[in-house]
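To be precise, the following lines are query.cif, and they hold mmCIF, C-alpha atoms (C1' of nucleotides).
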data_model
#
loop_
_atom_site.label_atom_id
_atom_site.label_comp_id
_atom_site.auth_asym_id
_atom_site.auth_seq_id
_atom_site.Cartn_x
_atom_site.Cartn_y
_atom_site.Cartn_z
CA MET A 29 96.57 55.72 76.88
CA SER A 30 98.21 52.34 76.83
CA ILE A 31 96.18 49.22 77.38
CA ILE A 32 97.20 46.60 79.91
CA PHE A 33 100.94 47.27 79.88
CA SER A 34 102.71 50.44 80.94
CA LYS A 35 104.45 52.47 78.27
CA GLY A 36 107.78 51.28 79.63
CA CYS A 37 106.72 47.67 79.32
CA GLU A 38 105.53 48.17 75.76
CA TYR A 39 108.88 49.73 74.90
CA GLY A 40 110.71 46.90 76.63
CA LEU A 41 108.81 44.25 74.70
CA GLN A 42 109.43 46.06 71.44
CA ALA A 43 113.11 46.48 72.18
CA VAL A 44 113.74 42.86 73.11
CA LEU A 45 111.83 41.68 70.05
CA TYR A 46 113.93 43.99 67.93
CA ILE A 47 117.19 42.81 69.43
CA SER A 48 116.10 39.22 68.84
CA THR A 49 115.98 39.91 65.11
CA LEU A 50 119.65 40.90 64.93
CA GLU A 51 122.46 38.50 64.19
CA GLU A 52 123.45 36.66 67.34
CA GLY A 53 126.05 38.43 69.44
CA ARG A 54 125.72 41.74 67.63
CA ARG A 55 125.97 44.49 70.23
CA ILE A 56 123.41 47.20 69.57
CA LEU A 57 123.42 50.70 71.00
CA ILE A 58 120.51 52.18 72.95
CA LYS A 59 120.56 55.02 70.46
CA GLU A 60 120.02 52.70 67.51
CA VAL A 61 117.16 50.86 69.17
CA ALA A 62 115.54 54.14 70.16
CA GLU A 63 115.78 55.49 66.65
CA LYS A 64 114.45 52.37 65.01
CA LEU A 65 111.49 52.10 67.38
CA GLN A 66 110.91 55.82 67.89
CA ILE A 67 111.36 55.64 71.65
CA PRO A 68 112.89 58.46 73.78
CA VAL A 69 116.53 57.41 74.25
CA HIS A 70 116.91 58.18 77.92
CA PHE A 71 113.67 56.49 78.80
CA LEU A 72 114.66 53.42 76.84
CA ALA A 73 118.05 53.41 78.54
CA LYS A 74 116.38 52.90 81.90
CA ILE A 75 114.18 50.13 80.60
CA LEU A 76 117.07 48.24 79.05
CA GLN A 77 118.92 48.70 82.32
CA GLN A 78 116.14 46.98 84.21
CA LEU A 79 116.08 44.18 81.68
CA SER A 80 119.84 43.73 82.10
CA GLN A 81 119.46 43.47 85.84
CA LYS A 82 116.90 40.71 85.36
CA GLY A 83 119.18 38.85 82.97
CA ILE A 84 116.93 39.25 79.96
CA LEU A 85 119.53 41.42 78.29
CA LYS A 86 123.27 41.65 78.77
CA SER A 87 125.05 44.97 78.55
CA TYR A 88 128.61 45.99 77.74
CA LYS A 89 130.06 49.37 78.59
CA GLY A 90 132.66 51.36 76.72
CA SER A 91 133.41 51.61 73.08
CA LYS A 92 132.28 48.48 71.21
CA GLY A 93 129.69 48.23 73.96
CA GLY A 94 125.95 47.78 73.63
CA PHE A 95 123.23 45.26 74.36
CA VAL A 96 122.71 41.63 73.46
CA LEU A 97 120.19 39.05 74.63
CA GLY A 98 120.96 37.73 78.08
CA ARG A 99 120.15 34.15 77.20
CA PRO A 100 119.07 32.08 74.18
CA PRO A 101 115.91 33.35 72.45
CA LYS A 102 114.12 30.10 73.20
CA GLU A 103 114.51 30.85 76.89
CA ILE A 104 113.04 34.34 76.85
CA ARG A 105 109.27 34.25 77.14
CA LEU A 106 107.17 37.36 76.62
CA ILE A 107 105.85 36.94 80.15
CA ASP A 108 109.42 37.23 81.49
CA ILE A 109 109.68 40.70 80.01
CA VAL A 110 106.28 41.74 81.32
CA ASN A 111 107.10 40.39 84.75
CA ALA A 112 110.42 42.22 84.83
CA LEU A 113 108.86 45.57 83.99
CA ASP A 114 105.25 45.62 85.18
CA GLY A 115 105.07 42.69 87.56
CA MET A 116 102.27 40.18 87.75
CA SER A 117 99.50 42.29 89.26
CA ILE A 118 97.56 42.40 85.98
CA PHE A 119 96.87 38.73 86.48
CA THR A 120 95.57 39.03 89.99
CA GLU A 121 93.62 42.27 90.24
CA CYS A 122 89.88 42.63 89.70
CA ILE A 123 88.95 43.96 86.28
CA LEU A 124 86.14 46.02 87.81
CA GLY A 125 88.41 47.36 90.53
CA PHE A 126 86.41 45.81 93.35
CA PRO A 127 88.41 45.35 96.52
CA GLY A 128 88.79 41.82 97.87
CA CYS A 129 87.73 40.12 94.65
CA SER A 130 88.31 36.40 95.16
CA THR A 131 86.68 33.01 94.85
CA GLU A 132 84.89 33.63 98.13
CA HIS A 133 83.71 37.10 97.17
CA PRO A 134 83.76 37.12 93.38
CA CYS A 135 82.84 40.21 91.41
CA PRO A 136 80.02 39.88 88.87
CA VAL A 137 82.37 38.88 86.06
CA HIS A 138 84.99 37.07 88.14
CA ASP A 139 84.69 33.69 86.41
CA LYS A 140 84.40 34.92 82.86
CA TRP A 141 87.22 37.40 83.20
CA GLY A 142 89.35 34.84 84.99
CA LYS A 143 89.10 32.59 81.98
CA ILE A 144 90.14 35.32 79.58
CA ARG A 145 92.94 36.44 81.84
CA THR A 146 94.28 32.91 82.00
CA GLU A 147 94.32 32.71 78.21
CA ALA A 148 96.25 35.96 78.07
CA TYR A 149 98.72 34.66 80.60
CA GLU A 150 99.17 31.42 78.73
CA MET A 151 99.76 33.23 75.50
CA LEU A 152 102.52 35.31 77.05
CA ALA A 153 103.98 32.30 78.84
CA ASP A 154 103.93 30.05 75.76
CA GLU A 155 105.46 32.43 73.29
CA THR A 156 109.20 32.86 73.37
CA ILE A 157 110.93 35.50 71.33
CA ALA A 158 112.35 32.66 69.25
CA ASP A 159 108.80 31.59 68.37
CA VAL A 160 107.86 34.99 67.02
CA LYS A 161 111.18 35.88 65.41
CA GLU A 162 109.91 35.81 61.84
CA LYS A 163 106.89 37.92 62.75
CA SER A 164 109.12 40.35 64.60
CA ILE A 165 111.33 40.73 61.57
CA SER A 166 108.47 41.62 59.28
CA LYS A 167 106.85 43.95 61.77
CA ILE A 168 110.13 45.79 62.38
CA ALA A 169 110.66 46.00 58.64
CA SER A 170 107.29 47.70 58.23
CA LEU A 171 108.06 50.42 60.75
CA GLY A 172 109.94 52.81 58.53
CA MET A 173 107.23 52.75 55.87
CA ASP A 174 104.66 55.51 55.46
CA SER A 175 101.48 53.77 56.38
CA MET B 16 97.60 50.61 88.81
CA SER B 17 94.33 49.71 87.21
CA ILE B 18 94.25 47.12 84.46
CA ILE B 19 92.52 47.70 81.16
CA PHE B 20 89.96 50.25 82.40
CA SER B 21 90.65 53.69 83.80
CA LYS B 22 89.88 54.28 87.46
CA GLY B 23 86.88 56.34 86.45
CA CYS B 24 85.53 53.51 84.33
CA GLU B 25 85.99 51.02 87.15
CA TYR B 26 84.08 53.32 89.48
CA GLY B 27 81.37 53.81 86.88
CA LEU B 28 80.90 50.08 86.42
CA GLN B 29 80.76 49.55 90.16
CA ALA B 30 78.27 52.37 90.62
CA VAL B 31 75.88 51.22 87.92
CA LEU B 32 76.03 47.65 89.20
CA TYR B 33 75.27 48.92 92.68
CA ILE B 34 72.35 51.04 91.52
CA SER B 35 71.00 48.02 89.66
CA THR B 36 70.69 46.15 92.94
CA LEU B 37 68.35 48.75 94.47
CA GLU B 38 64.59 48.58 94.25
CA GLU B 39 63.41 49.94 90.93
CA GLY B 40 62.85 53.67 90.88
CA ARG B 41 64.65 54.31 94.15
CA ARG B 42 66.63 57.52 93.79
CA ILE B 43 70.05 57.22 95.31
CA LEU B 44 72.41 60.06 96.17
CA ILE B 45 75.96 60.35 94.90
CA LYS B 46 77.04 60.54 98.52
CA GLU B 47 75.45 57.21 99.37
CA VAL B 48 77.00 55.44 96.39
CA ALA B 49 80.37 56.94 97.19
CA GLU B 50 80.21 55.82 100.78
CA LYS B 51 79.09 52.30 99.95
CA LEU B 52 81.76 51.80 97.32
CA GLN B 53 84.49 53.88 98.96
CA ILE B 54 84.87 56.25 96.03
CA PRO B 55 85.77 59.96 96.35
CA VAL B 56 82.41 61.79 96.12
CA HIS B 57 83.36 64.58 93.79
CA PHE B 58 85.12 62.25 91.45
CA LEU B 59 82.14 59.92 91.39
CA ALA B 60 79.86 62.91 90.76
CA LYS B 61 81.60 63.56 87.47
CA ILE B 62 81.41 59.98 86.40
CA LEU B 63 77.69 59.68 87.14
CA GLN B 64 77.21 62.92 85.27
CA GLN B 65 78.79 61.44 82.17
CA LEU B 66 76.67 58.35 82.49
CA SER B 67 73.55 60.53 82.72
CA GLN B 68 74.51 62.35 79.56
CA LYS B 69 74.80 59.02 77.77
CA GLY B 70 71.42 57.89 79.04
CA ILE B 71 72.77 55.03 81.13
CA LEU B 72 71.62 56.78 84.28
CA LYS B 73 68.90 59.35 84.83
CA SER B 74 69.37 62.12 87.35
CA TYR B 75 66.99 64.30 89.34
CA LYS B 76 68.05 67.57 90.90
CA GLY B 77 66.83 69.16 94.09
CA SER B 78 65.57 67.61 97.27
CA LYS B 79 64.22 64.10 96.68
CA GLY B 80 66.67 64.04 93.81
CA GLY B 81 69.25 61.41 93.01
CA PHE B 82 70.09 58.82 90.38
CA VAL B 83 68.20 55.90 88.85
CA LEU B 84 68.94 53.67 85.89
CA GLY B 85 68.32 55.41 82.59
CA ARG B 86 66.69 52.37 81.02
CA PRO B 87 65.67 48.80 81.93
CA PRO B 88 68.53 46.68 83.33
CA LYS B 89 68.21 44.24 80.46
CA GLU B 90 69.14 47.04 78.09
CA ILE B 91 72.30 48.15 79.85
CA ARG B 92 75.27 46.08 78.75
CA LEU B 93 78.62 46.33 80.51
CA ILE B 94 80.18 47.42 77.24
CA ASP B 95 77.83 50.41 77.14
CA ILE B 96 79.31 51.68 80.38
CA VAL B 97 82.87 51.07 79.21
CA ASN B 98 82.18 52.79 75.92
CA ALA B 99 80.65 55.80 77.65
CA LEU B 100 83.63 56.30 79.94
CA ASP B 101 86.75 54.92 78.25
CA GLY B 102 85.70 54.58 74.63
CA MET B 103 86.53 51.64 72.41
CA SER B 104 90.25 52.15 71.90
CA ILE B 105 91.12 49.18 74.10
CA PHE B 106 89.68 46.98 71.40
CA THR B 107 91.64 48.49 68.58
CA GLU B 108 95.08 49.38 69.85
CA CYS B 109 98.14 47.13 69.72
CA ILE B 110 98.90 45.35 72.96
CA LEU B 111 102.64 45.79 72.36
CA GLY B 112 102.21 49.46 71.53
CA PHE B 113 103.51 49.07 67.97
CA PRO B 114 102.35 51.83 65.66
CA GLY B 115 100.29 50.83 62.63
CA CYS B 116 99.46 47.36 63.92
CA SER B 117 96.97 45.88 61.47
CA THR B 118 96.21 42.83 59.38
CA GLU B 119 98.70 44.06 56.77
CA HIS B 120 101.41 44.80 59.31
CA PRO B 121 100.57 42.62 62.30
CA CYS B 122 102.63 42.70 65.45
CA PRO B 123 104.14 39.40 66.61
CA VAL B 124 101.10 38.53 68.74
CA HIS B 125 98.45 40.23 66.63
CA ASP B 126 96.36 37.12 65.93
CA LYS B 127 96.53 35.57 69.35
CA TRP B 128 95.81 38.80 71.15
CA GLY B 129 93.02 39.60 68.72
CA LYS B 130 91.29 36.39 69.69
CA ILE B 131 91.52 37.14 73.39
CA ARG B 132 90.43 40.72 72.88
CA THR B 133 87.37 39.55 70.96
CA GLU B 134 86.43 37.24 73.80
CA ALA B 135 86.72 40.10 76.23
CA TYR B 136 84.58 42.27 74.02
CA GLU B 137 81.95 39.58 73.68
CA MET B 138 81.82 39.05 77.39
CA LEU B 139 81.18 42.74 77.99
CA ALA B 140 78.67 42.92 75.15
CA ASP B 141 76.77 39.80 76.22
CA GLU B 142 76.40 40.60 79.88
CA THR B 143 73.71 43.05 80.88
CA ILE B 144 73.44 44.37 84.39
CA ALA B 145 70.24 42.35 84.65
CA ASP B 146 72.22 39.18 83.96
CA VAL B 147 74.63 39.78 86.79
CA LYS B 148 72.19 41.26 89.29
CA GLU B 149 72.37 38.39 91.78
CA LYS B 150 76.15 38.39 91.63
CA SER B 151 76.21 42.13 92.10
CA ILE B 152 74.03 41.85 95.17
CA SER B 153 76.30 39.35 96.88
CA LYS B 154 79.47 41.21 95.93
CA ILE B 155 78.10 44.50 97.23
CA ALA B 156 77.00 42.75 100.40
CA SER B 157 80.54 41.51 100.97
CA LEU B 158 82.07 44.97 100.77
CA GLY B 159 81.50 46.10 104.33
CA MET B 160 83.03 42.96 105.76
CA ASP B 161 86.55 42.79 107.11
CA SER B 162 88.26 40.50 104.67
"C1'" DT C 11 148.14 56.76 80.00
"C1'" DT C 12 144.86 59.25 77.76
"C1'" DG C 13 140.78 60.14 75.15
"C1'" DA C 14 136.59 58.58 73.27
"C1'" DT C 15 132.70 55.69 73.82
"C1'" DA C 16 128.66 53.85 76.03
"C1'" DC C 17 126.05 52.09 79.94
"C1'" DA C 18 124.65 53.34 85.12
"C1'" DG C 19 121.95 55.85 87.86
"C1'" DG C 20 120.44 59.80 90.51
"C1'" DA C 21 118.01 64.25 89.98
"C1'" DT C 22 114.80 67.00 87.68
"C1'" DA C 23 110.94 68.38 84.49
"C1'" DA C 24 106.61 67.68 81.81
"C1'" DT C 25 102.37 65.37 81.08
"C1'" DG C 26 97.96 63.34 81.88
"C1'" DG C 27 94.89 60.94 84.80
"C1'" DA C 28 92.88 61.17 89.40
"C1'" DG C 29 90.83 63.73 92.76
"C1'" DT C 30 89.13 68.48 94.86
"C1'" DC C 31 86.75 72.77 95.24
"C1'" DT C 32 83.49 76.42 94.26
"C1'" DG C 33 79.70 78.44 92.37
"C1'" DT C 34 75.36 77.59 89.52
"C1'" DT C 35 70.99 75.57 88.38
"C1'" DA C 36 66.91 72.84 89.11
"C1'" DT C 37 63.46 70.88 92.24
"C1'" DC C 38 60.80 70.32 96.34
"C1'" DG C 39 58.31 71.69 100.41
"C1'" DA C 40 56.79 75.09 103.55
"C1'" DT D 26 58.09 83.12 97.17
"C1'" DC D 27 61.84 81.52 99.75
"C1'" DG D 28 65.06 78.35 101.67
"C1'" DA D 29 67.02 73.86 101.61
"C1'" DT D 30 68.64 70.22 98.90
"C1'" DA D 31 71.22 67.87 95.39
"C1'" DA D 32 72.85 67.45 90.74
"C1'" DC D 33 75.62 70.27 87.15
"C1'" DA D 34 79.69 72.49 85.37
"C1'" DG D 35 84.16 73.70 85.04
"C1'" DA D 36 88.37 75.36 86.95
"C1'" DC D 37 91.83 73.90 89.90
"C1'" DT D 38 95.26 70.89 92.54
"C1'" DC D 39 97.83 66.69 93.16
"C1'" DC D 40 100.47 62.83 91.98
"C1'" DA D 41 102.26 58.91 89.33
"C1'" DT D 42 103.92 57.96 84.96
"C1'" DT D 43 106.60 59.39 81.36
"C1'" DA D 44 110.44 61.80 79.70
"C1'" DT D 45 114.88 64.49 80.14
"C1'" DC D 46 119.33 65.89 81.89
"C1'" DC D 47 123.67 65.34 83.82
"C1'" DT D 48 127.47 63.24 86.15
"C1'" DG D 49 129.81 58.90 87.18
"C1'" DT D 50 132.06 54.65 85.85
"C1'" DA D 51 133.66 50.90 82.94
"C1'" DT D 52 135.82 49.57 78.59
"C1'" DC D 53 138.44 49.86 74.48
"C1'" DA D 54 141.99 51.57 71.41
"C1'" DA D 55 145.73 54.34 70.24
#

Is it possible to give me this structure as structure tokens?
Amino acid sequence: MSIIFSKGCEYGLQAVLYISTLEEGRRILIKEVAEKLQIPVHFLAKILQQLSQKGILKSYKGSKGGFVLGRPPKEIRLIDIVNALDGMSIFTECILGFPGCSTEHPCPVHDKWGKIRTEAYEMLADETIADVKEKSISKIASLGMDS
Amino acid sequence: MSIIFSKGCEYGLQAVLYISTLEEGRRILIKEVAEKLQIPVHFLAKILQQLSQKGILKSYKGSKGGFVLGRPPKEIRLIDIVNALDGMSIFTECILGFPGCSTEHPCPVHDKWGKIRTEAYEMLADETIADVKEKSISKIASLGMDS
DNA sequence: TTGATACAGGATAATGGAGTCTGTTATCGA
DNA sequence: TCGATAACAGACTCCATTATCCTGTATCAA
């Protein structure tokens, strides 16, 4: 079971972070990304497609084709990727699942959860893939290793 | 899509909070809880069953049967309910879905997410259903209303 | 122009969580 | 003791997410 994000969104985040570690302009194949990150190729293909449509990635068909970032790393925030794939409902829905949870009819943990949720949002909105590039590189590097 | 908790866990939290608002010792039927909270009866039955097995609720069979809290409200923390139904994996797994995310091989947001996750844990571990009783009462009261 | 490459995208299949159904067991009251 | 009630237990169905397959289309190079 995945927490918070859908599997597709997790894969999307991983993929974009991976692509951000490559030399600028290098076109990478879906197949390569899938292998590196251990993601089902066809599933990943759809996710990268969605990210292309939203401008987060840019795709090229044909031989010498592949994917590159759609805009400079400094302009791709983690929240952009989440928004493209899962939408923003995580940041609006009640954590207890109560219907109509709002300031007028708050659930028992409305305020406390709201605070935490805001922090989570701000984290995702502050961090660009440029900011975490070094961390991405070392995490990706650790993937092949037998842990 | 439910965030963080499974649907069953959301229902369980709602149900226990609801039961905590009733007069002490009052045995309530699954059917009544399900109606009040708009939860499928049979599904709720299973969830309350699990909570009985963990001692969070206490059940009585037969006519005049029903459910009551398994121990004093002050001794039932929200985290107990979550743990009984969803387990603790939310607090250990990587938010980006990276395998082997740890202090040695942290994902790009390991530290920042860890901080938020700890806050969420502490909130659920601090709050007992006694603490939020008043809030539960007013939230439950708002449920019938056309919002 | 042709063949190979690689993304696009619709259609289909598998999986797991969510929800349903049926029969059993325990308790109460007559 | 018997019938009614209500939780218990587990098998079953349903559906959304996840994953796969296959054909189409764009691009490049020879």

Handout entry: Neighbour list for Ser87 (chain A) as JSON, numbers by chain, cut-off 12 Å, all atoms listed in the file, skip fewer than 5 positions in-chain
Key = {"A": [53, 54, 55, 56, 57, 58, 73, 76, 77, 78, 79, 80, 81, 82, 92, 93, 94, 95, 96, 97, 98, 99], "C": [16, 17, 18], "D": [51, 52]}

Using the chain letters and residue numbers of this document, give as a CSV table (one decimal) with C-alpha atoms, in the frame of the given file the residues selected by the PyMOL selection byres ((chain B) within 7 of (chain C)).
chain,number,residue,atom,x,y,z
B,58,PHE,CA,85.1,62.2,91.4
B,76,LYS,CA,68.0,67.6,90.9
B,77,GLY,CA,66.8,69.2,94.1
B,78,SER,CA,65.6,67.6,97.3

Exercise for the section: Translate the PyMOL selection byres ((chain D) within 7 of (chain B)), as applied to the file shown, into an explicit residue set as a ChimeraX atom specification. Expected result: /D:30-32

Exercise answer, chain B residues close to chain A, 9 Å and all atoms listed in the file, as an mmCIF file with C-alpha atoms, in the coordinates of the input:
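File selection.cif, as written:
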data_model
loop_
_atom_site.group_PDB
_atom_site.id
_atom_site.type_symbol
_atom_site.label_atom_id
_atom_site.label_comp_id
_atom_site.auth_asym_id
_atom_site.auth_seq_id
_atom_site.Cartn_x
_atom_site.Cartn_y
_atom_site.Cartn_z
ATOM 1 C CA MET B 16 97.600 50.610 88.810
ATOM 2 C CA SER B 17 94.330 49.710 87.210
ATOM 3 C CA ILE B 18 94.250 47.120 84.460
ATOM 4 C CA ILE B 19 92.520 47.700 81.160
ATOM 5 C CA PHE B 20 89.960 50.250 82.400
ATOM 6 C CA LYS B 22 89.880 54.280 87.460
ATOM 7 C CA CYS B 24 85.530 53.510 84.330
ATOM 8 C CA GLU B 25 85.990 51.020 87.150
ATOM 9 C CA TYR B 26 84.080 53.320 89.480
ATOM 10 C CA LEU B 28 80.900 50.080 86.420
ATOM 11 C CA GLN B 29 80.760 49.550 90.160
ATOM 12 C CA LEU B 32 76.030 47.650 89.200
ATOM 13 C CA LEU B 52 81.760 51.800 97.320
ATOM 14 C CA SER B 104 90.250 52.150 71.900
ATOM 15 C CA ILE B 105 91.120 49.180 74.100
ATOM 16 C CA GLU B 108 95.080 49.380 69.850
ATOM 17 C CA CYS B 109 98.140 47.130 69.720
ATOM 18 C CA ILE B 110 98.900 45.350 72.960
ATOM 19 C CA LEU B 111 102.640 45.790 72.360
ATOM 20 C CA GLY B 112 102.210 49.460 71.530
ATOM 21 C CA PHE B 113 103.510 49.070 67.970
ATOM 22 C CA PRO B 114 102.350 51.830 65.660
ATOM 23 C CA GLY B 115 100.290 50.830 62.630
ATOM 24 C CA CYS B 116 99.460 47.360 63.920
ATOM 25 C CA HIS B 120 101.410 44.800 59.310
ATOM 26 C CA PRO B 121 100.570 42.620 62.300
ATOM 27 C CA CYS B 122 102.630 42.700 65.450
ATOM 28 C CA PRO B 123 104.140 39.400 66.610
ATOM 29 C CA VAL B 124 101.100 38.530 68.740
ATOM 30 C CA LYS B 127 96.530 35.570 69.350
ATOM 31 C CA TRP B 128 95.810 38.800 71.150
ATOM 32 C CA ILE B 131 91.520 37.140 73.390
ATOM 33 C CA ARG B 132 90.430 40.720 72.880
ATOM 34 C CA GLU B 134 86.430 37.240 73.800
ATOM 35 C CA ALA B 135 86.720 40.100 76.230
ATOM 36 C CA MET B 138 81.820 39.050 77.390
ATOM 37 C CA GLU B 142 76.400 40.600 79.880
ATOM 38 C CA VAL B 147 74.630 39.780 86.790
ATOM 39 C CA LYS B 148 72.190 41.260 89.290
ATOM 40 C CA GLU B 149 72.370 38.390 91.780
ATOM 41 C CA LYS B 150 76.150 38.390 91.630
ATOM 42 C CA SER B 151 76.210 42.130 92.100
ATOM 43 C CA ILE B 152 74.030 41.850 95.170
ATOM 44 C CA SER B 153 76.300 39.350 96.880
ATOM 45 C CA LYS B 154 79.470 41.210 95.930
ATOM 46 C CA ILE B 155 78.100 44.500 97.230
ATOM 47 C CA SER B 157 80.540 41.510 100.970
ATOM 48 C CA LEU B 158 82.070 44.970 100.770
ATOM 49 C CA SER B 162 88.260 40.500 104.670
#

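Among the candidates A:Ala112, A:Gly142, A:Pro101, A:Ala153, the residue lying nearest to Glu51 (chain A) is A:Pro101 (atoms considered: all atoms listed in the file).
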
Practice task
Please measure the separation of CA of Ala49 (chain B) and C1' of DT42 (chain D), giving the value in Å to one decimal.
Solution key: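 Those two atoms sit 26.6 Å apart.
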
Practice task
Measure the distance from CA of Leu93 (chain B) to CA of Thr143 (chain B) in Å and round it to one decimal.
Solution key: 5.9 Å

Taking N, CA and C atoms as the atom set, what does region 103-124 of chain A look like once completed, written as a tab-separated table (two decimals), in the coordinates of the input?
chain	number	residue	atom	x	y	z
A	103	GLU	N	114.69	30.80	75.44
A	103	GLU	CA	114.51	30.85	76.89
A	103	GLU	C	114.01	32.21	77.39
A	104	ILE	N	113.63	33.05	76.46
A	104	ILE	CA	113.04	34.34	76.85
A	104	ILE	C	111.57	34.36	76.43
A	105	ARG	N	110.70	34.22	77.41
A	105	ARG	CA	109.27	34.25	77.14
A	105	ARG	C	108.77	35.70	77.25
A	106	LEU	N	107.73	36.00	76.54
A	106	LEU	CA	107.17	37.36	76.62
A	106	LEU	C	106.80	37.68	78.06
A	107	ILE	N	106.28	36.69	78.77
A	107	ILE	CA	105.85	36.94	80.15
A	107	ILE	C	107.03	37.35	81.03
A	108	ASP	N	108.24	36.87	80.70
A	108	ASP	CA	109.42	37.23	81.49
A	108	ASP	C	109.67	38.74	81.41
A	109	ILE	N	109.47	39.27	80.22
A	109	ILE	CA	109.68	40.70	80.01
A	109	ILE	C	108.63	41.52	80.75
A	110	VAL	N	107.38	41.07	80.62
A	110	VAL	CA	106.28	41.74	81.32
A	110	VAL	C	106.52	41.70	82.83
A	111	ASN	N	106.87	40.55	83.31
A	111	ASN	CA	107.10	40.39	84.75
A	111	ASN	C	108.22	41.30	85.24
A	112	ALA	N	109.27	41.39	84.45
A	112	ALA	CA	110.42	42.22	84.83
A	112	ALA	C	110.05	43.70	84.92
A	113	LEU	N	109.13	44.14	84.08
A	113	LEU	CA	108.86	45.57	83.99
A	113	LEU	C	107.57	46.01	84.68
A	114	ASP	N	106.54	45.22	84.60
A	114	ASP	CA	105.25	45.62	85.18
A	114	ASP	C	104.82	44.73	86.34
A	115	GLY	N	105.50	43.61	86.52
A	115	GLY	CA	105.07	42.69	87.56
A	115	GLY	C	103.85	41.89	87.14
A	116	MET	N	103.33	41.12	88.08
A	116	MET	CA	102.27	40.18	87.75
A	116	MET	C	100.89	40.63	88.19
A	117	SER	N	100.77	41.88	88.66
A	117	SER	CA	99.50	42.29	89.26
A	117	SER	C	98.33	42.29	88.26
A	118	ILE	N	98.64	42.46	86.97
A	118	ILE	CA	97.56	42.40	85.98
A	118	ILE	C	96.80	41.09	86.08
A	119	PHE	N	97.49	40.05	86.49
A	119	PHE	CA	96.87	38.73	86.48
A	119	PHE	C	96.19	38.38	87.80
A	120	THR	N	96.19	39.32	88.71
A	120	THR	CA	95.57	39.03	89.99
A	120	THR	C	94.47	40.04	90.35
A	121	GLU	N	94.59	41.26	89.82
A	121	GLU	CA	93.62	42.27	90.24
A	121	GLU	C	92.28	42.17	89.53
A	122	CYS	N	91.25	42.67	90.21
A	122	CYS	CA	89.88	42.63	89.70
A	122	CYS	C	89.72	43.59	88.53
A	123	ILE	N	89.12	43.12	87.47
A	123	ILE	CA	88.95	43.96	86.28
A	123	ILE	C	88.00	45.13	86.54
A	124	LEU	N	87.08	44.95	87.48
A	124	LEU	CA	86.14	46.02	87.81
A	124	LEU	C	86.66	46.92	88.93
